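*Asks:* I have a structure I would like to understand better, so I am pasting it below and will then ask my questions one at a time.
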Amino acid sequence: MSSSDIHVSCTSLSFSWPDGTEVLSGFDFAVGPGRTGLIGVNGCGKSTLLRLIAGELTPLEGEIKIRGGFGHLPQTATLDTALRVDEVLGIAERRAAIDAVEAGDVREELFAVIGDDWDVEQRAHATLDGLGLGHFGLDRTVGEMSGGECVLLRLAALLLARPGVLLLDEPTNNLDAVARGRLYDAVDAWTGALLVVSHDRELLERVDRIADLRDGSVTWYGGNLSAYEEALTVEQEAAQRMVRAAEADVQRQKRELADARVKLARRRRYGQKMWDTKREPKVVMGQRKRSAQESAGKHRILHTERLAEARERLDEAESAVRADEEIRIELPATRVHPGSEVLLLRDPVPPYGPPLHGELVVRGPERIA
């Protein structure tokens, strides 16, 4: 990737939590144009990296550069329910200035606020329409929207700002099927640099490349999630073959070391027998004994070193084999009595969106998705 293509660069980045838990150390990372999916096991530092890039966290060491500005949609964020839609979109001041100018107010500061963005209201409506929020007027309040609609509204604000880099952290977590489809369309249409953290397979099928964050470093794979999985399968099969070859080599080196020890023992017995029977001059037998011991010792050291090297190669081969393909969850048996009332919801009022009418009762040991 040439320097002119880089939109986000992280150089020698290090970050640890206040309790000393290290997340990144000497980390290098660069993102260019197109859609990049950042994946990795839970807790590897994906969301932390996005927060570092967005400036929400400060690295202990290293440098972060962003070209073209950025927009960040975090995994969890709440909006003030009293805010109007145009305030969330960041266009309330420009709308007010345009209204004032159209009413005859020609103060210079109003034109400074508007700049060249005279069609901001039309662009806002088009952006909301594209995300399925066209039925909400710009003067409506956030309190009238559902949680999923609030996520899309935050995304609309980012799209309207047209940053060079868009950072999305698990953007589909709180969206229903229809809303997810709207977000997929927005991702497909994005023309800048996009870095998305997600477990949503359908979203990751839309990226141009995969950045696999593992053990504090990134491995790059061209293509979408399916291409990544195919490449990873090939890699893991090769790694398994390397493990089997390394295991066979370790066993072979163990046998050769055992053979070397047997030969050494035989030479010792033979030398002792020659010494006991005095078949040759004492000086000659002593020289032969020393030579045999030196030769046998070198032979044993050689095979010991070869065994250690074979074990090291086995360790390296095993480290390339991933153990995160399966997740096992054991749910303990509940001790709740079948007749116990565990939960009662009656006409609940959520923090945003309309009140819900009805009743939900959970009794006894139930597991509900």
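Naming scheme: A, B, ... for chains in displayed order of the structure tokens; residues 1 onward per chain; ligands 1 onward as shown.
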Give me every helix (DSSP H, G or I) residue in region 86-270 of chain A, going by DSSP on the backbone, as a ChimeraX atom specification.

*Replies:* /A:86-89,92-102,108-114,120-130,142-144,147-161,177-189,201-204,225-270

*Asks:* Which residues are near Glu309 (chain A)? Cut-off 9 Å, only C-alpha atoms, ignore same chain within fewer than 5 positions. Put them as an MDAnalysis selection string.

*Replies:* chainID A and resid 250 304 314

*Asks:* Please, which residues in region 82-154 of chain A fall within 12 Å of region 345-350 of chain A when counting only C-alpha atoms, and what is the closest atom pair and distance in Å to one decimal for each, ordered by chain then residue number, as CSV?

*Replies:*
residue,atom,partner,partner_atom,distance
A:Gly143,CA,A:Pro350,CA,9.7
A:Glu144,CA,A:Pro350,CA,10.8
A:Met145,CA,A:Pro350,CA,10.7
A:Ser146,CA,A:Pro350,CA,9.0
A:Gly147,CA,A:Pro350,CA,9.4

*Asks:* Filtering to C-alpha atoms, could you give me those residues as a compact mmCIF listing (two decimals), in the first residue's frame?

*Replies:*
# COMPACT_ATOMS: atom_id res chain seq x y z
CA GLY A 143 -37.57 9.81 22.22
CA GLU A 144 -39.98 8.81 19.46
CA MET A 145 -37.50 6.34 17.93
CA SER A 146 -36.65 2.74 18.77
CA GLY A 147 -33.16 1.60 19.76

*Asks:* Find the spatial neighbours of Thr219 (chain A), counting only C-alpha atoms, within a cut-off of 12 Å - ignore same-chain residues fewer than 6 positions away - and output them as a ChimeraX atom specification.

*Replies:* /A:28-30,37-40,209-213,228,231-232

*Asks:* Keeping C-alpha atoms for every residue in the selection just given, could you write it to a file as a short mmCIF file (atom, residue, chain, number, x, y, z; two decimals), in the first residue's frame?

*Replies:*
data_model
loop_
_atom_site.label_atom_id
_atom_site.label_comp_id
_atom_site.auth_asym_id
_atom_site.auth_seq_id
_atom_site.Cartn_x
_atom_site.Cartn_y
_atom_site.Cartn_z
CA ASP A 28 1.53 -1.41 13.42
CA PHE A 29 -1.63 -1.10 11.34
CA ALA A 30 -2.68 0.71 8.17
CA GLY A 37 -13.38 -6.14 8.24
CA LEU A 38 -11.51 -6.36 11.56
CA ILE A 39 -12.06 -9.74 13.20
CA GLY A 40 -10.61 -11.73 16.09
CA ARG A 209 -10.29 -7.48 2.88
CA ILE A 210 -10.07 -9.07 6.32
CA ALA A 211 -7.70 -7.96 9.08
CA ASP A 212 -7.32 -10.83 11.56
CA LEU A 213 -6.21 -9.46 14.94
CA TYR A 228 -10.80 -15.60 4.49
CA ALA A 231 -7.58 -19.33 3.06
CA LEU A 232 -7.58 -20.08 6.78
#

*Asks:* Neighbouring residues of Arg255 (chain A) were defined as those with any atom within 12 Å, considering only C-alpha atoms; residues of the same chain fewer than 4 positions away were excluded. Please report them as a list of chain:residue names.

*Replies:*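 Surrounding residues, per the criterion: A:Ala248, A:Asp249, A:Val250, A:Gln251, A:Asp259, A:Ala260, A:Arg261, A:Val262, A:Arg300, A:His303, A:Thr304, A:Arg306, A:Leu307.
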
*Asks:* Measuring between only C-alpha atoms, which one of A:Leu356, A:Ala100, A:Ala186, A:Val362 shows the shortest distance to Ser340 (chain A)?

*Replies:*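 That would be A:Val362, the residue with the smallest distance to Ser340 (chain A).
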
*Asks:* Between region 141-165 of chain A and region 6-14 of chain A, at 12 Å or less, what are the per-residue closest atom pairs and their distances in Å? Count only C-alpha atoms, order by chain and rising residue number, and return it as JSON lines.

*Replies:*
{"residue": "A:Pro163", "atom": "CA", "partner": "A:His7", "partner_atom": "CA", "distance": 10.8}
{"residue": "A:Gly164", "atom": "CA", "partner": "A:His7", "partner_atom": "CA", "distance": 7.4}
{"residue": "A:Val165", "atom": "CA", "partner": "A:His7", "partner_atom": "CA", "distance": 6.9}

*Asks:* Please, which residues of region 43-82 of chain A, numbered as in this document, come out strand (DSSP E or B) from DSSP, as an MDAnalysis selection string?

*Replies:* chainID A and resid 61:66 70:73

*Asks:* Can those selected residues be exported to a file as a PDB file, in the first residue's frame so that it contains C-alpha atoms?

*Replies:*
ATOM      1  CA  GLU A  61       3.236   4.998  23.052  1.00  0.00           C
ATOM      2  CA  GLY A  62       3.096   5.269  19.291  1.00  0.00           C
ATOM      3  CA  GLU A  63       1.396   7.453  16.737  1.00  0.00           C
ATOM      4  CA  ILE A  64      -1.997   7.462  14.976  1.00  0.00           C
ATOM      5  CA  LYS A  65      -2.591   9.417  11.787  1.00  0.00           C
ATOM      6  CA  ILE A  66      -5.926   9.820   9.981  1.00  0.00           C
ATOM      7  CA  PHE A  70     -13.329  10.158  10.511  1.00  0.00           C
ATOM      8  CA  GLY A  71     -16.700   9.157  11.859  1.00  0.00           C
ATOM      9  CA  HIS A  72     -17.090   6.598  14.642  1.00  0.00           C
ATOM     10  CA  LEU A  73     -20.178   4.518  15.421  1.00  0.00           C
TER      11      LEU A  73
END

*Asks:* Find, counting only C-alpha atoms, the residue in A:Thr21, A:Ser47, A:Thr191, A:Ser16 that gets nearest to Pro33 (chain A).

*Replies:*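 Answer, going by the shortest atom-to-atom distance: A:Thr191.
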
*Asks:* Please compute the CA of Glu170 (chain A)-CA of Ser198 (chain A) distance, one decimal, in Å.

*Replies:*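 That distance, rounded to one decimal, is 4.6 Å.
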
*Asks:* Near Asn224 (chain A), counting only C-alpha atoms, which residues have an atom at most 6 Å away, once you skip same-chain residues fewer than 3 positions from it, shown as a list in words?

*Replies:*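 Final neighbour list, sorted by chain and number: Glu205, Val207, Asp208, Arg209 and Ala227 of chain A.
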
*Asks:* Give me the residues within 8 Å of Thr127 (chain A) as a compact mmCIF listing (two decimals) with C-alpha atoms, in the first residue's frame, counting only C-alpha atoms and dropping any in the same chain fewer than 6 places off.

*Replies:*
# COMPACT_ATOMS: atom_id res chain seq x y z
CA ALA A 156 -27.03 8.90 9.13
CA LEU A 159 -22.83 9.59 6.37
CA LEU A 160 -24.08 13.17 6.13

*Asks:* So that I can check the surroundings of Leu50 (chain A), please list as a PyMOL selection string every protein, DNA and RNA residue that reaches within 9 Å of it, counting only C-alpha atoms and ignoring chain neighbours fewer than 6 positions away.

*Replies:* chain A and resi 56+72+74+167-169+195-197

*Asks:* Selected residues, N, CA and C atoms, written as a PDB file, in the first residue's frame, please.

*Replies:*
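As written to disk, result.pdb reads:
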ATOM      1  N   GLU A  56     -10.832   8.228  21.537  1.00  0.00           N
ATOM      2  CA  GLU A  56     -11.517   8.057  22.820  1.00  0.00           C
ATOM      3  C   GLU A  56     -10.572   7.512  23.886  1.00  0.00           C
ATOM      4  N   HIS A  72     -17.156   7.810  13.823  1.00  0.00           N
ATOM      5  CA  HIS A  72     -17.090   6.598  14.642  1.00  0.00           C
ATOM      6  C   HIS A  72     -18.473   6.249  15.170  1.00  0.00           C
ATOM      7  N   PRO A  74     -19.835   3.799  17.752  1.00  0.00           N
ATOM      8  CA  PRO A  74     -19.418   2.848  18.777  1.00  0.00           C
ATOM      9  C   PRO A  74     -20.428   1.722  18.967  1.00  0.00           C
ATOM     10  N   LEU A 167     -15.630   4.381  10.941  1.00  0.00           N
ATOM     11  CA  LEU A 167     -15.328   3.318  11.901  1.00  0.00           C
ATOM     12  C   LEU A 167     -16.639   2.796  12.476  1.00  0.00           C
ATOM     13  N   LEU A 168     -16.917   1.505  12.264  1.00  0.00           N
ATOM     14  CA  LEU A 168     -18.159   0.903  12.757  1.00  0.00           C
ATOM     15  C   LEU A 168     -17.829  -0.242  13.695  1.00  0.00           C
ATOM     16  N   ASP A 169     -18.389  -0.206  14.901  1.00  0.00           N
ATOM     17  CA  ASP A 169     -18.138  -1.251  15.899  1.00  0.00           C
ATOM     18  C   ASP A 169     -19.439  -2.009  16.164  1.00  0.00           C
ATOM     19  N   LEU A 195     -13.677   0.818   8.200  1.00  0.00           N
ATOM     20  CA  LEU A 195     -13.133  -0.220   9.074  1.00  0.00           C
ATOM     21  C   LEU A 195     -14.249  -0.668   9.997  1.00  0.00           C
ATOM     22  N   VAL A 196     -14.652  -1.926   9.883  1.00  0.00           N
ATOM     23  CA  VAL A 196     -15.795  -2.414  10.641  1.00  0.00           C
ATOM     24  C   VAL A 196     -15.397  -3.620  11.487  1.00  0.00           C
ATOM     25  N   VAL A 197     -15.789  -3.571  12.753  1.00  0.00           N
ATOM     26  CA  VAL A 197     -15.669  -4.708  13.661  1.00  0.00           C
ATOM     27  C   VAL A 197     -17.038  -5.351  13.754  1.00  0.00           C
TER      28      VAL A 197
END

*Asks:* May I ask which of the residues A:Ala126, A:Ala246, A:Ala179, A:Leu225 is the closest one to Arg313 (chain A), counting only C-alpha atoms?

*Replies:* A:Ala246

*Asks:* A:Val85, A:Leu153, A:Leu131, A:Ala96: which is nearest Tyr184 (chain A), counting only C-alpha atoms?

*Replies:*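 Going through A:Val85, A:Leu153, A:Leu131, A:Ala96 one by one, the smallest distance to Tyr184 (chain A) is for A:Leu131.
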
*Asks:* One number please: CA of Glu312 (chain A) to CA of Ser217 (chain A), in Å, one decimal.

*Replies:*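 Going from CA of Glu312 (chain A) over to CA of Ser217 (chain A), I get 21.9 Å.
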
*Asks:* So how far away is CA of Gly130 (chain A) from CA of Arg182 (chain A), in Å?

*Replies:* 7.0 Å
